[in-house]
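K.L.:
Input structure: input19.cif, which contains mmCIF, C-alpha atoms.
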```
data_entry
#
loop_
_atom_site.label_atom_id
_atom_site.label_comp_id
_atom_site.auth_asym_id
_atom_site.auth_seq_id
_atom_site.Cartn_x
_atom_site.Cartn_y
_atom_site.Cartn_z
CA MET A 36 108.26 93.72 71.43
CA ASN A 37 110.86 95.56 73.46
CA ASN A 38 113.29 96.16 70.57
CA THR A 39 116.27 97.34 72.56
CA SER A 40 119.81 96.10 72.50
CA GLU A 41 119.26 94.59 75.94
CA GLN A 42 117.69 91.20 76.44
CA ARG A 43 114.26 90.91 77.98
CA ILE A 44 113.07 87.64 79.46
CA LEU A 45 109.43 87.13 78.57
CA LEU A 46 109.04 83.83 80.31
CA PRO A 47 111.62 82.80 82.88
CA ARG A 48 110.04 79.63 84.13
CA ASP A 49 110.35 76.33 85.83
CA ILE A 50 106.89 75.27 84.75
CA PRO A 51 105.59 73.09 81.90
CA VAL A 52 105.48 74.51 78.38
CA GLY A 53 102.12 76.16 77.79
CA ASP A 54 101.50 77.28 81.39
CA PHE A 55 101.99 81.02 81.76
CA PRO A 56 100.45 82.11 85.08
CA SER A 57 102.94 84.97 85.45
CA LEU A 58 101.86 86.70 82.23
CA ARG A 59 99.04 89.21 82.50
CA PRO A 60 97.87 90.95 79.32
CA LEU A 61 98.18 94.72 79.18
CA SER A 62 94.86 96.54 79.15
CA ILE A 63 94.35 99.14 76.45
CA GLU A 64 94.87 101.94 78.97
CA GLU A 65 98.20 100.46 80.06
CA TYR A 66 99.23 100.04 76.44
CA ILE A 67 98.29 103.63 75.57
CA SER A 68 100.28 104.93 78.55
CA GLY A 69 103.40 103.43 76.98
CA GLU A 70 103.00 105.04 73.52
CA GLY A 71 100.42 102.50 72.43
CA TYR A 72 98.39 103.44 69.33
CA LYS A 73 100.53 106.54 68.72
CA ALA A 74 101.84 104.82 65.61
CA LEU A 75 98.26 104.35 64.44
CA HIS A 76 97.56 108.07 64.85
CA LYS A 77 100.78 108.83 62.99
CA ILE A 78 100.11 106.67 59.93
CA LEU A 79 96.49 107.78 59.55
CA HIS A 80 97.21 111.51 59.78
CA GLU A 81 100.85 111.96 58.72
CA MET A 82 101.81 109.13 56.36
CA LYS A 83 100.70 107.63 53.09
CA PRO A 84 100.57 103.86 52.66
CA LYS A 85 103.68 103.88 50.45
CA ASP A 86 105.55 105.87 53.14
CA ILE A 87 104.81 103.17 55.70
CA ILE A 88 106.04 100.45 53.36
CA GLU A 89 109.25 102.38 52.69
CA GLU A 90 109.86 102.75 56.43
CA VAL A 91 109.42 99.02 56.96
CA LYS A 92 111.76 98.33 54.05
CA ARG A 93 114.29 100.74 55.55
CA SER A 94 114.13 98.85 58.85
CA GLY A 95 115.30 95.61 57.25
CA LEU A 96 112.67 93.67 59.22
CA ARG A 97 112.47 90.07 58.04
CA GLY A 98 109.60 87.69 58.65
CA ARG A 99 109.80 86.00 62.03
CA GLY A 100 107.75 82.95 61.07
CA GLY A 101 110.61 80.92 59.61
CA ALA A 102 111.49 81.92 56.05
CA GLY A 103 112.93 85.33 56.92
CA PHE A 104 111.56 87.04 53.79
CA PRO A 105 111.94 90.87 53.84
CA THR A 106 108.72 92.20 55.33
CA GLY A 107 108.62 95.51 53.46
CA LYS A 108 109.07 93.74 50.14
CA LYS A 109 106.20 91.38 50.92
CA TRP A 110 103.97 94.35 51.78
CA GLU A 111 104.97 96.08 48.55
CA LEU A 112 104.08 93.04 46.44
CA VAL A 113 100.53 92.96 47.86
CA ALA A 114 100.09 96.73 47.76
CA GLU A 115 100.96 96.87 44.06
CA VAL A 116 98.31 94.32 43.04
CA LYS A 117 95.17 96.00 41.68
CA SER A 118 92.09 94.61 43.44
CA ASP A 119 88.81 95.84 44.88
CA VAL A 120 89.32 93.62 47.95
CA LYS A 121 92.46 92.66 49.85
CA TYR A 122 93.03 90.70 53.03
CA LEU A 123 95.64 90.50 55.74
CA CYS A 124 96.18 87.36 57.77
CA CYS A 125 98.22 87.20 60.94
CA ASN A 126 99.53 83.66 61.24
CA SER A 127 99.39 82.61 64.89
CA ALA A 128 99.00 78.90 64.16
CA GLU A 129 102.33 78.05 65.80
CA GLY A 130 102.42 74.33 65.09
CA GLU A 131 106.21 73.97 65.23
CA LYS A 132 107.53 71.52 67.77
CA GLU A 133 108.57 73.07 71.12
CA THR A 134 107.65 76.60 70.03
CA PHE A 135 105.29 78.84 71.99
CA LYS A 136 106.41 82.46 71.49
CA ASP A 137 103.14 83.53 69.79
CA ARG A 138 101.27 82.51 72.93
CA CYS A 139 103.55 84.66 75.07
CA LEU A 140 103.21 87.69 72.80
CA ILE A 141 99.44 87.47 72.82
CA ARG A 142 99.31 86.75 76.55
CA SER A 143 101.55 89.65 77.49
CA ASN A 144 100.65 92.36 74.97
CA PRO A 145 97.80 91.68 72.54
CA HIS A 146 97.50 95.36 71.63
CA GLN A 147 100.87 95.63 69.92
CA LEU A 148 99.76 92.80 67.62
CA ILE A 149 96.42 94.46 66.95
CA GLU A 150 98.04 97.84 66.28
CA GLY A 151 100.58 96.23 63.96
CA THR A 152 97.76 94.45 62.14
CA ILE A 153 95.83 97.70 61.62
CA ILE A 154 98.94 99.51 60.34
CA ALA A 155 99.82 96.70 57.92
CA SER A 156 96.23 96.52 56.67
CA TYR A 157 96.20 100.25 55.98
CA ALA A 158 99.56 100.06 54.18
CA ILE A 159 98.43 97.40 51.70
CA GLY A 160 94.80 98.55 51.35
CA ALA A 161 93.06 95.72 53.22
CA ASN A 162 89.70 96.28 54.90
CA LYS A 163 89.37 92.86 56.45
CA SER A 164 91.97 91.01 58.52
CA TYR A 165 92.18 87.64 60.22
CA ILE A 166 94.12 86.48 63.23
CA TYR A 167 94.52 82.80 62.38
CA ILE A 168 95.22 81.14 65.69
CA ASN A 169 95.77 77.64 67.00
CA GLY A 170 92.35 76.40 68.07
CA SER A 171 93.73 74.95 71.30
CA TYR A 172 94.82 78.42 72.53
CA ASN A 173 91.57 79.13 74.35
CA GLU A 174 92.96 81.64 76.84
CA GLU A 175 94.82 83.54 74.13
CA ILE A 176 91.68 83.69 72.01
CA ASN A 177 89.74 85.14 74.95
CA ILE A 178 92.47 87.73 75.48
CA LEU A 179 92.35 88.76 71.81
CA GLU A 180 88.56 88.96 71.80
CA ASN A 181 88.61 91.25 74.83
CA ALA A 182 91.39 93.39 73.37
CA ILE A 183 89.58 93.78 70.03
CA ALA A 184 86.46 94.88 71.92
CA GLU A 185 88.55 97.49 73.78
CA VAL A 186 90.01 98.77 70.51
CA LYS A 187 86.59 99.10 68.89
CA GLU A 188 85.30 101.03 71.90
CA LYS A 189 88.17 103.51 71.52
CA GLY A 190 87.40 103.98 67.82
CA TYR A 191 90.68 102.45 66.64
CA LEU A 192 88.91 99.68 64.75
CA GLY A 193 85.73 99.51 62.68
CA GLU A 194 84.25 102.19 60.42
CA ASN A 195 86.11 105.42 59.63
CA ILE A 196 88.95 104.90 62.13
CA LEU A 197 89.86 108.18 63.87
CA GLY A 198 88.00 110.09 61.14
CA SER A 199 90.53 109.00 58.51
CA GLY A 200 88.10 107.35 56.11
CA PHE A 201 89.89 104.02 56.62
CA SER A 202 87.77 101.12 57.89
CA LEU A 203 88.90 97.71 59.09
CA ASP A 204 87.44 94.63 60.74
CA ILE A 205 89.60 92.01 62.46
CA TYR A 206 88.26 88.46 62.81
CA ILE A 207 89.67 85.64 64.89
CA HIS A 208 89.75 82.32 63.06
CA ARG A 209 90.57 79.11 64.91
CA CYS A 210 92.71 76.61 63.07
CA PRO A 211 93.50 72.92 63.66
CA ASN A 212 96.31 72.17 66.09
CA ARG A 213 98.46 70.81 63.27
CA TYR A 214 101.89 71.79 61.98
CA VAL A 215 100.73 71.78 58.37
CA ALA A 216 97.82 74.12 59.21
CA GLY A 217 100.36 76.90 59.70
CA GLU A 218 101.54 76.75 56.08
CA GLU A 219 100.19 79.89 54.43
CA THR A 220 98.23 78.23 51.63
CA ALA A 221 96.81 75.61 54.01
CA MET A 222 95.74 78.56 56.14
CA ILE A 223 93.77 79.96 53.21
CA GLU A 224 92.09 76.58 52.72
CA VAL A 225 91.03 76.49 56.38
CA ILE A 226 89.67 80.05 56.36
CA GLU A 227 87.61 79.16 53.29
CA GLY A 228 86.17 76.15 55.11
CA ARG A 229 88.27 73.30 53.76
CA GLU A 230 90.92 70.93 55.12
CA ALA A 231 94.42 72.17 55.97
CA LYS A 232 96.12 71.05 52.76
CA PRO A 233 98.77 73.27 51.11
CA TRP A 234 98.80 74.24 47.46
CA GLN A 235 101.53 73.59 44.99
CA LYS A 236 103.45 76.83 44.37
CA PRO A 237 103.80 78.28 41.74
CA PRO A 238 101.63 79.35 39.92
CA PHE A 239 99.63 80.98 42.72
CA TYR A 240 100.91 82.73 45.82
CA PRO A 241 98.82 84.48 48.50
CA ALA A 242 100.12 87.90 47.37
CA ASN A 243 98.27 87.56 44.06
CA ARG A 244 95.62 84.93 44.84
CA GLY A 245 94.91 84.41 48.50
CA ILE A 246 91.77 84.31 50.64
CA PHE A 247 88.67 83.97 48.42
CA GLY A 248 90.93 84.50 45.41
CA LYS A 249 91.98 88.00 46.50
CA PRO A 250 95.48 89.38 47.23
CA THR A 251 96.43 88.47 50.79
CA LEU A 252 99.30 89.54 53.02
CA VAL A 253 100.44 86.84 55.45
CA ASN A 254 102.63 87.86 58.37
CA ASN A 255 103.62 86.11 61.58
CA THR A 256 102.55 87.30 65.06
CA GLU A 257 106.04 88.45 66.01
CA THR A 258 106.56 90.23 62.67
CA LEU A 259 103.44 92.36 63.10
CA SER A 260 104.23 93.05 66.76
CA ASN A 261 107.38 94.87 65.65
CA ILE A 262 105.54 97.31 63.39
CA PRO A 263 104.27 99.97 65.88
CA LYS A 264 107.76 100.71 67.22
CA ILE A 265 109.26 100.79 63.72
CA VAL A 266 106.65 103.36 62.67
CA LEU A 267 107.19 105.48 65.79
CA ARG A 268 110.99 105.35 65.97
CA GLY A 269 111.84 104.86 62.32
CA GLY A 270 113.40 102.16 60.20
CA GLU A 271 116.94 103.38 60.86
CA TRP A 272 116.49 102.88 64.59
CA PHE A 273 115.41 99.27 64.08
CA SER A 274 118.16 98.52 61.58
CA GLY A 275 120.74 99.62 64.15
CA ILE A 276 119.84 96.68 66.41
CA GLY A 277 121.06 93.15 65.76
CA SER A 278 123.30 92.21 62.86
CA GLN A 279 123.67 94.09 59.60
CA ARG A 280 122.00 91.46 57.46
CA SER A 281 119.43 90.42 60.07
CA PRO A 282 118.37 93.56 61.95
CA GLY A 283 116.32 93.80 65.13
CA THR A 284 115.59 91.47 68.00
CA MET A 285 113.97 88.05 67.88
CA LEU A 286 112.21 85.86 70.37
CA PHE A 287 114.25 82.71 71.02
CA THR A 288 112.41 79.74 72.48
CA LEU A 289 115.06 77.92 74.50
CA THR A 290 114.23 74.39 75.67
CA GLY A 291 115.87 71.02 76.25
CA ASP A 292 118.72 70.20 78.64
CA ILE A 293 119.00 73.75 79.91
CA LYS A 294 118.83 75.14 83.46
CA ARG A 295 116.62 78.09 82.64
CA PRO A 296 114.39 77.36 79.64
CA GLY A 297 112.08 80.08 78.41
CA ILE A 298 111.57 82.76 75.80
CA TYR A 299 114.22 85.45 75.44
CA GLU A 300 114.09 88.58 73.31
CA LEU A 301 117.65 89.15 72.08
CA PRO A 302 119.37 90.99 69.24
CA LEU A 303 119.83 88.84 66.18
CA GLY A 304 123.50 87.93 65.99
CA THR A 305 123.68 86.91 69.65
CA THR A 306 125.82 83.77 69.69
CA LEU A 307 124.53 80.35 70.59
CA LYS A 308 127.04 80.23 73.45
CA GLU A 309 125.74 83.52 74.86
CA LEU A 310 122.16 82.27 74.68
CA ILE A 311 123.06 79.09 76.55
CA ILE A 312 125.43 80.53 79.17
CA ASN A 313 124.21 84.08 79.79
CA TYR A 314 120.48 83.52 79.53
CA GLY A 315 119.82 79.79 79.86
CA GLN A 316 122.40 79.64 82.70
CA GLY A 317 124.13 76.64 81.16
CA LEU A 318 123.18 73.01 80.84
CA LYS A 319 121.44 71.22 83.68
CA ASN A 320 122.88 68.37 85.74
CA GLY A 321 126.42 69.51 85.01
CA THR A 322 126.45 67.89 81.60
CA GLY A 323 128.41 69.23 78.64
CA PHE A 324 126.94 70.55 75.38
CA LYS A 325 126.36 68.08 72.55
CA SER A 326 124.11 69.85 70.06
CA ALA A 327 121.40 72.40 69.38
CA PHE A 328 118.45 71.37 67.24
CA PHE A 329 116.69 73.95 65.08
CA PRO A 330 113.48 72.18 63.92
CA GLY A 331 113.56 71.54 60.20
CA ASN A 332 117.28 72.27 59.85
CA PHE A 333 120.69 70.71 60.45
CA PRO A 334 121.56 70.56 64.18
CA VAL A 335 124.54 72.61 65.38
CA THR A 336 127.51 70.90 67.06
CA GLU A 337 129.91 71.89 69.85
CA SER A 338 132.43 73.30 67.35
CA GLN A 339 129.77 75.81 66.27
CA LEU A 340 128.91 77.25 69.69
CA GLY A 341 130.23 80.64 68.64
CA ILE A 342 127.87 80.91 65.68
CA PRO A 343 125.77 84.12 65.55
CA LEU A 344 122.07 83.35 65.73
CA ASP A 345 120.77 85.14 62.65
CA PHE A 346 119.31 84.12 59.32
CA GLU A 347 122.45 84.46 57.22
CA SER A 348 125.05 83.04 59.63
CA LEU A 349 123.10 79.84 60.24
CA LYS A 350 122.34 79.47 56.54
CA GLU A 351 126.04 79.80 55.70
CA ALA A 352 126.79 77.13 58.30
CA GLY A 353 124.40 74.74 56.55
CA SER A 354 121.59 75.10 59.10
CA GLY A 355 118.81 77.65 59.52
CA LEU A 356 117.24 79.89 62.15
CA GLY A 357 113.62 79.08 61.30
CA CYS A 358 111.29 80.48 63.95
CA ALA A 359 114.18 80.63 66.48
CA SER A 360 113.28 77.51 68.43
CA VAL A 361 116.53 76.26 69.98
CA ILE A 362 116.48 72.80 71.58
CA ILE A 363 119.61 71.97 73.55
CA LEU A 364 120.98 68.44 73.97
CA GLY A 365 123.56 67.60 76.62
CA ASN A 366 126.22 64.91 76.35
CA ASP A 367 123.98 62.41 78.13
CA ALA A 368 121.15 62.85 75.60
CA CYS A 369 120.59 60.38 72.79
CA THR A 370 120.79 61.98 69.35
CA VAL A 371 119.02 59.02 67.75
CA GLU A 372 116.11 59.29 70.18
CA LYS A 373 115.74 63.04 69.58
CA THR A 374 115.97 62.60 65.80
CA LEU A 375 113.35 59.86 65.94
CA ASP A 376 111.11 62.11 68.03
CA PHE A 377 111.24 64.83 65.36
CA SER A 378 110.84 62.31 62.55
CA ARG A 379 107.68 60.90 64.16
CA PHE A 380 106.36 64.44 64.56
CA PHE A 381 106.76 65.20 60.85
CA MET A 382 105.27 61.84 59.88
CA GLU A 383 102.20 62.39 62.07
CA GLU A 384 101.78 66.00 60.92
CA SER A 385 101.86 65.21 57.19
CA CYS A 386 98.46 65.96 55.63
CA GLY A 387 98.89 62.95 53.33
CA GLN A 388 98.06 64.61 50.00
CA CYS A 389 101.63 64.29 48.61
CA PRO A 390 102.69 60.62 48.28
CA PRO A 391 106.43 61.46 48.55
CA CYS A 392 105.74 63.18 51.89
CA GLN A 393 103.46 60.50 53.28
CA MET A 394 105.81 57.68 52.29
CA GLY A 395 109.09 59.49 52.85
CA THR A 396 108.38 60.64 56.40
CA ALA A 397 107.04 57.20 57.32
CA HIS A 398 110.09 55.45 55.85
CA MET A 399 112.52 57.68 57.75
CA ALA A 400 110.65 57.20 61.02
CA ARG A 401 110.45 53.43 60.59
CA LEU A 402 114.19 53.02 59.98
CA LEU A 403 115.10 55.39 62.81
CA GLN A 404 112.89 53.32 65.10
CA LYS A 405 114.87 50.22 64.09
CA ILE A 406 118.14 51.98 64.96
CA GLU A 407 116.75 53.14 68.29
CA ASN A 408 115.52 49.62 69.07
CA GLY A 409 118.91 48.09 68.31
CA VAL A 410 117.69 45.90 65.44
CA ALA A 411 119.02 47.89 62.45
CA VAL A 412 121.83 47.11 60.02
CA MET A 413 124.27 49.54 58.39
CA ASP A 414 122.29 49.54 55.14
CA ASP A 415 119.44 51.18 57.05
CA ILE A 416 121.52 54.33 57.54
CA VAL A 417 122.28 54.39 53.82
CA SER A 418 118.58 53.97 53.06
CA ILE A 419 117.68 56.89 55.34
CA GLU A 420 120.30 59.11 53.68
CA ASN A 421 119.03 58.20 50.21
CA THR A 422 115.45 58.94 51.27
CA CYS A 423 116.52 62.34 52.61
CA LYS A 424 118.29 63.24 49.37
CA GLU A 425 115.36 62.14 47.22
CA SER A 426 112.73 63.83 49.41
CA LYS A 427 113.93 67.43 49.49
CA GLY A 428 111.74 69.75 47.46
CA LYS A 429 109.21 67.05 46.55
CA GLY A 430 106.19 68.07 48.65
CA TYR A 431 103.70 70.90 48.12
CA CYS A 432 104.89 72.49 51.37
CA HIS A 433 108.12 72.51 53.36
CA LEU A 434 107.22 69.66 55.74
CA LEU A 435 108.96 66.86 53.83
CA THR A 436 112.06 68.96 53.19
CA ALA A 437 112.19 70.02 56.84
CA SER A 438 112.05 66.41 57.97
CA ALA A 439 114.73 65.37 55.49
CA LEU A 440 117.07 68.22 56.44
CA LEU A 441 116.85 67.53 60.15
CA VAL A 442 117.38 63.77 59.80
CA GLU A 443 120.13 64.17 57.23
CA GLY A 444 121.89 66.73 59.43
CA ALA A 445 121.66 64.59 62.55
CA ILE A 446 123.22 61.61 60.76
CA SER A 447 125.87 63.77 59.09
CA ASN A 448 126.97 65.42 62.33
CA PHE A 449 126.59 62.41 64.64
CA ARG A 450 127.10 59.44 62.35
CA LYS A 451 129.27 57.56 64.87
CA GLU A 452 126.44 57.65 67.39
CA PHE A 453 124.00 56.18 64.87
CA GLU A 454 126.52 53.49 63.95
CA ALA A 455 127.13 52.67 67.62
CA HIS A 456 123.41 51.99 68.06
CA ILE A 457 123.72 49.40 65.30
CA HIS A 458 127.02 47.79 66.34
CA GLU A 459 126.47 47.83 70.11
CA ARG A 460 122.68 47.38 69.99
CA LYS A 461 122.27 50.20 72.48
CA CYS A 462 122.84 53.92 72.91
CA PRO A 463 126.51 54.74 73.67
CA SER A 464 125.35 57.41 76.14
CA GLN A 465 123.87 54.66 78.36
CA LYS A 466 126.15 53.90 81.26
#
```
Take the structure in the file and give it back as structure tokens.
P.N.:
Amino acid sequence: MNNTSEQRILLPRDIPVGDFPSLRPLSIEEYISGEGYKALHKILHEMKPKDIIEEVKRSGLRGRGGAGFPTGKKWELVAEVKSDVKYLCCNSAEGEKETFKDRCLIRSNPHQLIEGTIIASYAIGANKSYIYINGSYNEEINILENAIAEVKEKGYLGENILGSGFSLDIYIHRCPNRYVAGEETAMIEVIEGREAKPWQKPPFYPANRGIFGKPTLVNNTETLSNIPKIVLRGGEWFSGIGSQRSPGTMLFTLTGDIKRPGIYELPLGTTLKELIINYGQGLKNGTGFKSAFFPGNFPVTESQLGIPLDFESLKEAGSGLGCASVIILGNDACTVEKTLDFSRFFMEESCGQCPPCQMGTAHMARLLQKIENGVAVMDDIVSIENTCKESKGKGYCHLLTASALLVEGAISNFRKEFEAHIHERKCPSQK
């Protein structure tokens, strides 16, 4: 992570999602030349675990995986649990639709993730850590394996790291290329050798009963990649970037009807309009802005272009930042088609263990398909809305709620377009 007030483009591209030929991973020597592993030296020889946690709390860093939970508080919860064994798991599953920032972080700088993982493990008292990564990310897995080997050779990983008495092993664990596999309790199931099926929470959370029944800290790739700079420069430095309630920078995955799609590291609180105009260079083909989809949340409309992109501002507007995937739709795009596309995704990604999820996602997708095909009636919209209302909060994980929120939001904000599909038997954007 760059963590400055200036934007840094990680992946300016005119190439398909998932192809990153321009990204070359830093070697350990290159990383060390730029203050790499200085934070590790600092925490092992100058700080106590509780001091590290307090610094992270002071920074205001919030989880970058979607929920935005305060990172320092999560660390503290795991650190306070009495146990002979603790685990840390870096969640690099990245199953969200049109999101690929974890791949870019690992491709460009695997060592900041590894250093952040070591620091977090030390802070909570874990001696074994996992990088839980999408099994289809073969190149990224090779990069991590090589980087871990480099770190072990330098003595920064393994037994008695830098003579401190602290020992740690990091293991790479491939996971299914499924959205639900990224849910933290499904992750635990996969690591223990079972199917990717989430637990019902409460009573158990990973902080008190995680991998093999032991306390487990789960952090996202981007979250852990922020840790080395926070330790080196201090929590106050980090909290001075971004917005007051959502400090720091975040990686925004910008896709859709945009001239310059890619991944941009920007201060939280940057407006949607700034992201589109200043960094995405506006909408392609000269079209106007219709909406921005945030997977699993209400889409944002033209009247909300000035909204700051941070956790609190989007929540107050009835939407949510999630993992900062921003999908832009121009005026010529069909909202029904895009909503159906997301609805199908959630239906296909459901693990099937919760009947409300399996049936609810399928029902929404089926009725949206009728509207898209021009064979629906007005009662179908009412049925979708009722399904959305009844579905929220019913599944073991967030998948069903995410699907319901997105569909409900699309209909709420663009109802006339859905109705036009029914009355005119075609999309009104078709000329």
K.L.:
Work out how far apart CA of Pro302 in chain A and CA of Trp272 in chain A are and give it in Å to one decimal.
P.N.:
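Separation between CA of Pro302 in chain A and CA of Trp272 in chain A: 13.1 Å.
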K.L.:
Residues within 9 Å of Ile78 in chain A, please, as JSON, numbers by chain. Count all atoms listed in the file; anything in the same chain fewer than 4 positions from it doesn't count.
P.N.:
{"A": [73, 74, 82, 83, 84, 86, 87, 154, 157, 158, 266]}
K.L.:
I need the residue nearest Lys136 in chain A from this list: A:Asp204, A:Glu425, A:Glu257, A:Glu180. Use all atoms listed in the file for the distance.
P.N.:
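Among A:Asp204, A:Glu425, A:Glu257, A:Glu180, it is A:Glu257 that comes nearest to Lys136 in chain A.
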K.L.:
Would you translate the PyMOL selection byres ((chain A and resi 133) around 9) into the concrete set of residues it matches in this file, as a list of chain:residue names?
P.N.:
A:Val52, A:Gly130, A:Glu131, A:Lys132, A:Thr134, A:Phe135, A:Thr288, A:Leu289, A:Thr290, A:Pro330, A:Ser360, A:Val361, A:Ile362
K.L.:
Any chance you could work out the residue set of the PyMOL selection byres ((chain A and resi 432) around 8) here, as a ChimeraX atom specification?
P.N.:
/A:218,233-235,430-431,433-435
K.L.:
To verify the selection step, state as a list of chain:residue names which residues the PyMOL selection byres ((chain A and resi 328) around 8) yields on this input.
P.N.:
A:Ser326, A:Ala327, A:Phe329, A:Pro330, A:Asn332, A:Phe333, A:Pro334, A:Val335, A:Val361, A:Ile362, A:Ile363, A:Leu364
K.L.:
Under the rule that all atoms listed in the file are counted, which of A:Ala114, A:Leu203, A:Gly353, A:Leu96 is the nearest residue to Ser278 in chain A?
P.N.:
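Ranking A:Ala114, A:Leu203, A:Gly353, A:Leu96 by distance to Ser278 in chain A, first place goes to A:Leu96.
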K.L.:
Just the residues within 9 Å of Glu230 in chain A, please, counting all atoms listed in the file, with nothing from its chain fewer than 3 positions along; format it as a ChimeraX atom specification.
P.N.:
/A:216,221,224-225
K.L.:
Select all residues near (93.5, 91.0, 48.8) (cut-off 9 Å, inclusive, file coordinates), counting all atoms listed in the file, and output them as JSON, numbers by chain.
P.N.:
{"A": [113, 114, 116, 117, 118, 119, 120, 121, 122, 123, 159, 160, 161, 162, 163, 241, 242, 243, 244, 245, 246, 247, 248, 249, 250, 251, 252]}
K.L.:
Write the residues you've just listed into a file as a PDB file, in the frame of the given file, and include C-alpha atoms for each of them.
P.N.:
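What ended up in out_4.pdb:
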```pdb
ATOM      1  CA  VAL A 113     100.530  92.960  47.860  1.00  0.00           C
ATOM      2  CA  ALA A 114     100.090  96.730  47.760  1.00  0.00           C
ATOM      3  CA  VAL A 116      98.310  94.320  43.040  1.00  0.00           C
ATOM      4  CA  LYS A 117      95.170  96.000  41.680  1.00  0.00           C
ATOM      5  CA  SER A 118      92.090  94.610  43.440  1.00  0.00           C
ATOM      6  CA  ASP A 119      88.810  95.840  44.880  1.00  0.00           C
ATOM      7  CA  VAL A 120      89.320  93.620  47.950  1.00  0.00           C
ATOM      8  CA  LYS A 121      92.460  92.660  49.850  1.00  0.00           C
ATOM      9  CA  TYR A 122      93.030  90.700  53.030  1.00  0.00           C
ATOM     10  CA  LEU A 123      95.640  90.500  55.740  1.00  0.00           C
ATOM     11  CA  ILE A 159      98.430  97.400  51.700  1.00  0.00           C
ATOM     12  CA  GLY A 160      94.800  98.550  51.350  1.00  0.00           C
ATOM     13  CA  ALA A 161      93.060  95.720  53.220  1.00  0.00           C
ATOM     14  CA  ASN A 162      89.700  96.280  54.900  1.00  0.00           C
ATOM     15  CA  LYS A 163      89.370  92.860  56.450  1.00  0.00           C
ATOM     16  CA  PRO A 241      98.820  84.480  48.500  1.00  0.00           C
ATOM     17  CA  ALA A 242     100.120  87.900  47.370  1.00  0.00           C
ATOM     18  CA  ASN A 243      98.270  87.560  44.060  1.00  0.00           C
ATOM     19  CA  ARG A 244      95.620  84.930  44.840  1.00  0.00           C
ATOM     20  CA  GLY A 245      94.910  84.410  48.500  1.00  0.00           C
ATOM     21  CA  ILE A 246      91.770  84.310  50.640  1.00  0.00           C
ATOM     22  CA  PHE A 247      88.670  83.970  48.420  1.00  0.00           C
ATOM     23  CA  GLY A 248      90.930  84.500  45.410  1.00  0.00           C
ATOM     24  CA  LYS A 249      91.980  88.000  46.500  1.00  0.00           C
ATOM     25  CA  PRO A 250      95.480  89.380  47.230  1.00  0.00           C
ATOM     26  CA  THR A 251      96.430  88.470  50.790  1.00  0.00           C
ATOM     27  CA  LEU A 252      99.300  89.540  53.020  1.00  0.00           C
TER      28      LEU A 252
END
```
K.L.:
Find, counting all atoms listed in the file, the residue in A:Gln404, A:Ser62, A:Thr306, A:Thr220 that gets nearest to Phe239 in chain A.
P.N.:
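The answer is A:Thr220, which sits nearest to Phe239 in chain A.
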K.L.:
What gap, in Å, lies between CA of Gly277 in chain A and CA of Thr258 in chain A?
P.N.:
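CA of Thr258 in chain A lies 15.1 Å from CA of Gly277 in chain A.
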K.L.:
Can you pull range 193-203 of chain A out of that block with N, CA and C atoms and hand it back as a short mmCIF file (atom, residue, chain, number, x, y, z; two decimals), in the first residue's frame?
P.N.:
```cif
data_model
loop_
_atom_site.label_atom_id
_atom_site.label_comp_id
_atom_site.auth_asym_id
_atom_site.auth_seq_id
_atom_site.Cartn_x
_atom_site.Cartn_y
_atom_site.Cartn_z
N GLY A 193 9.83 -18.50 10.48
CA GLY A 193 10.29 -19.80 10.94
C GLY A 193 10.54 -19.77 12.44
N GLU A 194 11.58 -20.48 12.89
CA GLU A 194 11.88 -20.58 14.32
C GLU A 194 12.69 -19.38 14.80
N ASN A 195 12.31 -18.87 15.98
CA ASN A 195 13.08 -17.83 16.67
C ASN A 195 13.44 -16.67 15.73
N ILE A 196 12.42 -16.01 15.21
CA ILE A 196 12.61 -14.94 14.21
C ILE A 196 13.46 -13.80 14.78
N LEU A 197 14.57 -13.53 14.11
CA LEU A 197 15.50 -12.45 14.48
C LEU A 197 15.92 -12.53 15.94
N GLY A 198 16.01 -13.76 16.47
CA GLY A 198 16.46 -13.97 17.84
C GLY A 198 15.48 -13.49 18.89
N SER A 199 14.22 -13.31 18.51
CA SER A 199 13.23 -12.74 19.43
C SER A 199 12.54 -13.78 20.30
N GLY A 200 12.67 -15.05 19.94
CA GLY A 200 11.93 -16.09 20.63
C GLY A 200 10.57 -16.36 20.02
N PHE A 201 10.15 -15.52 19.07
CA PHE A 201 8.87 -15.69 18.40
C PHE A 201 9.06 -16.54 17.14
N SER A 202 8.21 -17.54 16.98
CA SER A 202 8.27 -18.43 15.81
C SER A 202 6.94 -18.41 15.08
N LEU A 203 7.01 -18.52 13.76
CA LEU A 203 5.78 -18.49 12.96
C LEU A 203 5.99 -19.24 11.65
#
```
